[in-house]
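**Student:** mmCIF, C-alpha atoms, file run12.cif:
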```cif
data_start
loop_
_atom_site.label_atom_id
_atom_site.label_comp_id
_atom_site.auth_asym_id
_atom_site.auth_seq_id
_atom_site.Cartn_x
_atom_site.Cartn_y
_atom_site.Cartn_z
CA MET T 257 0.00 0.00 0.00
CA GLY T 258 2.85 2.32 0.85
CA GLY T 259 5.19 3.81 -1.63
CA GLU T 260 8.08 1.71 -2.76
CA SER T 261 11.33 2.76 -1.26
CA THR T 262 14.66 2.21 -3.03
CA THR T 263 18.25 2.99 -2.20
CA ARG T 264 21.30 3.26 -4.46
CA THR T 265 24.76 2.43 -3.36
CA ALA T 266 28.07 3.08 -5.11
CA PRO T 267 29.41 0.02 -6.92
CA HIS T 268 32.18 -1.86 -5.19
CA SER T 269 35.52 -1.87 -6.95
CA GLY T 270 37.09 -4.82 -5.28
CA GLY T 271 39.06 -3.11 -2.54
CA GLY T 272 39.22 0.34 -4.19
CA THR T 273 41.66 -0.60 -6.94
CA SER T 274 41.18 -1.40 -10.61
CA SER T 275 43.41 -3.57 -12.75
CA GLY T 276 41.93 -2.19 -16.02
CA PRO T 277 43.32 0.65 -18.07
CA VAL T 278 42.99 4.15 -16.60
CA GLY T 279 41.62 7.10 -18.54
CA SER T 280 39.31 7.38 -21.49
CA ARG T 281 39.66 5.05 -24.43
CA THR T 282 40.43 8.01 -26.70
CA GLY T 283 43.12 9.23 -24.31
CA GLN T 284 44.71 5.79 -24.19
CA ARG T 285 44.79 5.58 -27.98
CA LEU T 286 46.26 9.07 -28.34
CA SER T 287 48.92 8.39 -25.70
CA GLY T 288 49.89 5.16 -27.43
CA LEU T 289 50.08 6.95 -30.77
CA ALA T 290 52.23 9.70 -29.24
CA VAL T 291 54.67 7.16 -27.80
CA ALA T 292 54.90 5.26 -31.09
CA LEU T 293 55.41 8.40 -33.16
CA GLY T 294 57.90 9.75 -30.64
CA LEU T 295 59.97 6.57 -30.77
CA VAL T 296 60.04 6.71 -34.58
CA LEU T 297 61.17 10.36 -34.62
CA PHE T 298 63.74 9.78 -31.89
CA LEU T 299 65.28 6.68 -33.48
CA VAL T 300 65.20 8.05 -37.02
CA GLY T 301 66.85 11.27 -35.86
CA PHE T 302 69.68 9.38 -34.16
CA GLY T 303 70.04 6.90 -37.01
CA TRP T 304 70.12 9.64 -39.63
CA GLY T 305 72.72 11.50 -37.61
CA ALA T 306 74.92 8.42 -37.32
CA LEU T 307 74.85 7.98 -41.10
CA VAL T 308 75.47 11.62 -42.03
CA TYR T 309 77.74 12.95 -39.28
CA ARG T 310 81.02 12.01 -37.65
CA PRO T 311 82.24 13.31 -34.26
CA TYR T 312 85.77 14.67 -33.90
CA THR T 313 87.76 16.06 -31.01
CA VAL T 314 90.00 18.94 -32.11
CA PRO T 315 93.33 18.54 -30.28
CA THR T 316 94.89 21.97 -30.92
CA SER T 317 93.93 25.65 -30.75
CA SER T 318 94.76 26.34 -34.42
CA MET T 319 91.06 27.01 -35.14
CA SER T 320 90.49 29.24 -32.12
CA PRO T 321 88.25 31.05 -31.35
CA THR T 322 85.89 29.20 -33.71
CA ILE T 323 86.93 25.84 -32.26
CA ALA T 324 89.02 25.61 -29.11
CA ALA T 325 91.44 22.84 -28.18
CA GLY T 326 89.51 19.85 -26.86
CA ASP T 327 86.18 20.89 -28.39
CA ARG T 328 83.95 18.15 -29.76
CA VAL T 329 82.53 18.86 -33.21
CA LEU T 330 80.09 17.19 -35.58
CA ALA T 331 81.19 17.08 -39.21
CA GLU T 332 78.96 16.15 -42.13
CA ARG T 333 80.36 13.43 -44.36
CA ILE T 334 80.85 14.98 -47.81
CA ASP T 335 82.69 14.41 -51.04
CA GLY T 336 85.65 16.69 -51.73
CA GLY T 337 83.85 18.04 -54.76
CA GLU T 338 81.26 19.68 -52.47
CA VAL T 339 83.80 21.89 -50.69
CA ARG T 340 83.43 25.66 -51.08
CA ARG T 341 85.34 28.70 -49.87
CA GLY T 342 84.93 29.39 -46.17
CA ASP T 343 84.16 25.79 -45.21
CA VAL T 344 85.81 24.33 -42.12
CA VAL T 345 86.79 20.85 -43.25
CA VAL T 346 88.31 17.66 -41.93
CA PHE T 347 90.99 16.12 -44.15
CA THR T 348 93.94 13.76 -44.08
CA ASP T 349 97.23 14.45 -45.84
CA LYS T 350 100.38 12.54 -44.96
CA THR T 351 102.57 15.48 -45.98
CA TRP T 352 100.93 17.46 -43.15
CA VAL T 353 100.23 14.87 -40.44
CA SER T 354 100.92 11.19 -40.90
CA ASP T 355 98.46 9.62 -38.46
CA SER T 356 95.65 12.06 -37.77
CA ALA T 357 92.88 14.08 -39.37
CA VAL T 358 93.35 17.85 -39.63
CA VAL T 359 90.72 20.59 -39.25
CA LYS T 360 91.26 23.86 -41.19
CA ARG T 361 89.29 26.51 -43.08
CA VAL T 362 89.26 26.54 -46.90
CA VAL T 363 90.16 30.05 -48.12
CA ALA T 364 90.79 29.31 -51.79
CA ILE T 365 89.88 26.60 -54.29
CA GLY T 366 91.29 25.47 -57.63
CA GLY T 367 91.90 28.39 -59.99
CA ASP T 368 91.92 31.03 -57.20
CA THR T 369 94.84 33.34 -56.54
CA VAL T 370 95.41 33.90 -52.82
CA ALA T 371 97.79 36.35 -51.15
CA CYS T 372 98.35 38.20 -47.90
CA CYS T 373 98.23 40.82 -46.80
CA THR T 374 96.51 43.93 -48.18
CA GLU T 375 95.63 46.43 -45.44
CA GLY T 376 95.92 43.54 -43.00
CA LYS T 377 93.42 41.37 -44.89
CA LEU T 378 93.61 38.20 -46.91
CA THR T 379 92.95 38.63 -50.62
CA VAL T 380 91.47 36.03 -52.95
CA ASN T 381 91.31 36.86 -56.66
CA GLY T 382 92.26 40.42 -55.74
CA LYS T 383 89.32 40.89 -53.33
CA GLN T 384 89.86 41.61 -49.65
CA ILE T 385 88.10 39.06 -47.47
CA GLU T 386 86.31 40.03 -44.26
CA GLU T 387 87.04 37.34 -41.65
CA PRO T 388 85.04 38.06 -38.46
CA TYR T 389 85.88 34.59 -37.11
CA LEU T 390 89.53 35.57 -36.50
CA PRO T 391 90.66 36.39 -32.93
CA ALA T 392 89.69 39.95 -32.02
CA GLY T 393 92.24 42.49 -33.23
CA SER T 394 94.38 39.97 -35.11
CA LEU T 395 95.64 40.29 -38.67
CA ALA T 396 94.73 37.90 -41.45
CA GLU T 397 98.29 36.57 -41.25
CA ILE T 398 101.29 37.37 -39.08
CA LYS T 399 103.57 37.16 -42.08
CA ASN T 400 103.19 38.04 -45.72
CA PHE T 401 103.31 35.10 -48.08
CA PRO T 402 103.83 35.10 -51.81
CA THR T 403 100.89 34.98 -54.19
CA VAL T 404 99.76 31.40 -54.74
CA THR T 405 97.60 30.21 -57.62
CA VAL T 406 95.77 27.11 -56.43
CA PRO T 407 95.92 24.23 -58.95
CA GLU T 408 92.61 22.79 -60.15
CA GLY T 409 91.27 20.09 -57.87
CA ARG T 410 93.19 21.40 -54.85
CA LEU T 411 92.51 23.61 -51.81
CA PHE T 412 94.40 26.26 -49.85
CA LEU T 413 93.62 26.10 -46.12
CA LEU T 414 94.34 28.27 -43.09
CA GLY T 415 93.64 28.00 -39.37
CA ASP T 416 91.56 30.74 -37.74
CA GLU T 417 94.36 31.25 -35.22
CA ARG T 418 96.85 32.41 -37.84
CA GLU T 419 99.71 33.01 -35.43
CA GLY T 420 100.12 29.42 -34.28
CA SER T 421 98.43 27.39 -37.03
CA LEU T 422 100.51 24.98 -39.08
CA ASP T 423 98.47 25.37 -42.24
CA SER T 424 99.11 25.89 -45.96
CA THR T 425 101.52 28.74 -45.17
CA ALA T 426 103.78 26.27 -43.37
CA HIS T 427 103.97 24.10 -46.50
CA LEU T 428 104.59 26.71 -49.19
CA SER T 429 107.93 25.10 -50.04
CA ASP T 430 106.22 21.78 -50.85
CA ALA T 431 105.74 20.81 -54.48
CA ALA T 432 102.03 21.72 -54.25
CA GLN T 433 102.72 25.07 -52.52
CA GLY T 434 100.81 24.10 -49.41
CA THR T 435 97.64 22.97 -51.19
CA VAL T 436 95.87 19.68 -50.59
CA PRO T 437 93.71 17.67 -52.99
CA ARG T 438 89.93 17.88 -52.71
CA SER T 439 89.90 14.09 -52.40
CA ALA T 440 91.66 14.42 -49.03
CA VAL T 441 88.54 15.99 -47.48
CA THR T 442 86.26 13.60 -45.62
CA ALA T 443 83.84 15.91 -43.80
CA ARG T 444 82.70 19.50 -43.25
CA VAL T 445 82.27 20.81 -39.69
CA ASP T 446 78.71 21.97 -38.96
CA ALA T 447 78.69 22.56 -35.21
CA VAL T 448 80.58 22.52 -31.94
CA VAL T 449 78.57 20.21 -29.68
CA TRP T 450 80.81 20.14 -26.60
CA PRO T 451 80.74 22.68 -25.18
CA MET T 452 77.37 23.39 -26.79
CA ASN T 453 78.39 26.39 -28.90
CA GLY T 454 76.02 25.41 -31.69
CA MET T 455 76.25 25.79 -35.44
CA LEU T 456 79.25 27.51 -37.01
CA LYS T 457 78.55 30.99 -38.37
CA ARG T 458 78.39 31.35 -42.13
CA PRO T 459 81.61 32.75 -43.67
CA THR T 460 79.84 35.62 -45.46
CA GLY T 461 83.13 37.30 -46.41
CA PHE T 462 83.49 34.78 -49.26
CA GLU T 463 80.04 35.43 -50.79
CA THR T 464 81.44 37.90 -53.33
CA LEU T 465 83.50 35.05 -54.82
CA GLY T 466 80.70 32.50 -55.20
CA ALA T 467 77.97 30.58 -53.42
CA LEU T 468 78.61 29.30 -49.91
CA SER T 469 77.90 25.79 -48.66
CA GLN T 470 74.51 25.23 -47.07
CA PRO T 471 74.36 23.84 -43.52
CA GLY T 472 73.73 20.13 -43.24
CA PRO T 473 70.56 18.59 -41.77
CA LEU T 474 71.80 18.79 -38.17
CA ARG T 475 69.09 21.19 -37.01
CA THR T 476 66.36 18.99 -38.49
CA MET T 477 67.80 15.94 -36.78
CA GLY T 478 67.99 17.79 -33.48
CA TRP T 479 64.34 18.83 -33.67
CA MET T 480 63.32 15.26 -34.55
CA ILE T 481 65.12 13.95 -31.48
CA VAL T 482 63.70 16.63 -29.16
CA VAL T 483 60.12 16.31 -30.44
CA GLY T 484 60.37 12.53 -30.29
CA ALA T 485 61.53 12.62 -26.68
CA VAL T 486 58.72 15.00 -25.71
CA LEU T 487 56.10 12.78 -27.36
CA VAL T 488 57.42 9.64 -25.64
CA LEU T 489 57.52 11.31 -22.22
CA GLY T 490 54.13 12.99 -22.71
CA GLY T 491 52.44 9.83 -23.98
CA GLY T 492 53.98 7.74 -21.23
CA ALA T 493 52.81 10.20 -18.59
CA TYR T 494 49.14 9.95 -19.61
CA GLY T 495 48.47 6.77 -17.63
CA PRO T 496 49.84 7.99 -14.26
CA ILE T 497 48.17 11.42 -14.68
CA ALA T 498 44.81 9.83 -15.55
CA LYS T 499 45.11 7.47 -12.58
CA ARG T 500 45.84 10.30 -10.18
CA THR T 501 42.96 12.38 -11.57
CA SER T 502 40.59 9.41 -11.23
CA ALA T 503 41.70 8.82 -7.63
CA ARG T 504 41.02 12.45 -6.74
CA ARG T 505 37.55 12.25 -8.32
CA VAL T 506 36.67 9.12 -6.30
CA ARG T 507 37.83 10.71 -3.03
CA SER T 508 35.77 13.84 -3.72
CA GLU T 509 32.52 11.90 -4.22
CA PRO T 510 30.19 11.80 -1.08
CA ALA T 511 30.04 8.41 0.62
CA GLY T 512 26.85 6.48 1.40
CA ALA T 513 23.41 6.30 -0.25
CA ARG T 514 22.44 8.70 -3.04
#
```
Can you turn what I pasted into structure tokens?

**Tutor:**
Amino acid sequence: MGGESTTRTAPHSGGGTSSGPVGSRTGQRLSGLAVALGLVLFLVGFGWGALVYRPYTVPTSSMSPTIAAGDRVLAERIDGGEVRRGDVVVFTDKTWVSDSAVVKRVVAIGGDTVACCTEGKLTVNGKQIEEPYLPAGSLAEIKNFPTVTVPEGRLFLLGDEREGSLDSTAHLSDAAQGTVPRSAVTARVDAVVWPMNGMLKRPTGFETLGALSQPGPLRTMGWMIVVGAVLVLGGGAYGPIAKRTSARRVRSEPAGAR
């Protein structure tokens, strides 16, 4: 005769814990996708870098202040035919050093005429070259050297620290007048990575003589690695964040009948 009375109780969750996945199904799928995509970007970035770049430790200060003694650099593997004026390259030449790679800056290529100094500046094909990468207040060379016409297929190289660098000027009495073959070049330095000084500045002083080399894909690889790491960490964090949010929601609900 009386009205029917009902009560509702919160469902039991087996001791307050759940062994199932936490968070919405869409959130779980998106977090999984983020982790998968992040791993792909991260691994591809590292793999690409290993194929394209080689690390070197520069043992001397001959390239200071661009590269100091002990700095770790990344150099893009290139063919000698890709070298252009202003490039900082890694090469091997037994007439210079018998058992080690050498790092110097290319200031002239085959067919160029290089001389020093005119008003304290290096000249290539009669044009004075602005070299902002030299140590502050230093001359383009501490000694004048005779005009050199670089043979085709060869390179004339100097260190940025002209006072103490054993570069092409130290080999002028050689049969090739201090030049080295393009084929001796194995890589072009893109960046100083330890300490993290970043990408080398473009040698704009050589632009009046021809096109400069373009930077390698190091920046792209770096962004791939960074974005990949963020996606992996963000996707992996979804589960714990969703679990904590769910636990807070359960604790905030009133206990008893509703």

**Student:** Give as a short mmCIF file (atom, residue, chain, number, x, y, z; two decimals) with C-alpha atoms, in the coordinates of the input the residues that the PyMOL selection byres ((chain T and resi 294) around 8) matches when applied to the coordinates above.

**Tutor:**
```cif
data_model
loop_
_atom_site.label_atom_id
_atom_site.label_comp_id
_atom_site.auth_asym_id
_atom_site.auth_seq_id
_atom_site.Cartn_x
_atom_site.Cartn_y
_atom_site.Cartn_z
CA ALA T 290 52.23 9.70 -29.24
CA VAL T 291 54.67 7.16 -27.80
CA ALA T 292 54.90 5.26 -31.09
CA LEU T 293 55.41 8.40 -33.16
CA LEU T 295 59.97 6.57 -30.77
CA VAL T 296 60.04 6.71 -34.58
CA LEU T 297 61.17 10.36 -34.62
CA PHE T 298 63.74 9.78 -31.89
CA VAL T 483 60.12 16.31 -30.44
CA GLY T 484 60.37 12.53 -30.29
CA ALA T 485 61.53 12.62 -26.68
CA VAL T 486 58.72 15.00 -25.71
CA LEU T 487 56.10 12.78 -27.36
CA VAL T 488 57.42 9.64 -25.64
#
```

**Student:** Convert the output of the PyMOL selection byres ((chain T and resi 323-336) around 7) on the shown file into explicit residues, formatted as a ChimeraX atom specification.

**Tutor:** /T:308-317,319-322,337-339,438-451,472

**Student:** Evaluate the PyMOL selection byres ((chain T and resi 371) around 10) against this structure - the residues, as a compact mmCIF listing (two decimals) with C-alpha atoms, in the coordinates of the input, please.

**Tutor:**
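Generated file (selection-v4.txt):
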```txt
# COMPACT_ATOMS: atom_id res chain seq x y z
CA ALA T 364 90.79 29.31 -51.79
CA ASP T 368 91.92 31.03 -57.20
CA THR T 369 94.84 33.34 -56.54
CA VAL T 370 95.41 33.90 -52.82
CA CYS T 372 98.35 38.20 -47.90
CA CYS T 373 98.23 40.82 -46.80
CA THR T 374 96.51 43.93 -48.18
CA LYS T 377 93.42 41.37 -44.89
CA LEU T 378 93.61 38.20 -46.91
CA THR T 379 92.95 38.63 -50.62
CA VAL T 380 91.47 36.03 -52.95
CA ASN T 381 91.31 36.86 -56.66
CA GLY T 382 92.26 40.42 -55.74
CA LYS T 383 89.32 40.89 -53.33
CA GLN T 384 89.86 41.61 -49.65
CA GLU T 397 98.29 36.57 -41.25
CA ASN T 400 103.19 38.04 -45.72
CA PHE T 401 103.31 35.10 -48.08
CA PRO T 402 103.83 35.10 -51.81
CA THR T 403 100.89 34.98 -54.19
CA VAL T 404 99.76 31.40 -54.74
CA THR T 405 97.60 30.21 -57.62
```

**Student:** Nearest residue to Phe347 in chain T out of T:Thr460, T:Thr435, T:Thr476, T:Ser421, using all atoms listed in the file?

**Tutor:**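 Ranked by minimum distance to Phe347 in chain T, first place goes to T:Thr435.
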
**Student:** Quick one: distance from CA of Thr425 in chain T to CA of Gly454 in chain T in Å, one decimal?

**Tutor:**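 Distance reported for this atom pair: 29.0 Å.
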
**Student:** One number please: CA of Glu417 in chain T to CA of Arg361 in chain T, in Å, one decimal.

**Tutor:**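 If I compute the distance from CA of Glu417 in chain T to CA of Arg361 in chain T, I get 10.5 Å.
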
**Student:** Just give me the gap between CA of Gly303 in chain T and CA of Asp343 in chain T in Å, one decimal is fine.

**Tutor:** 25.0 Å
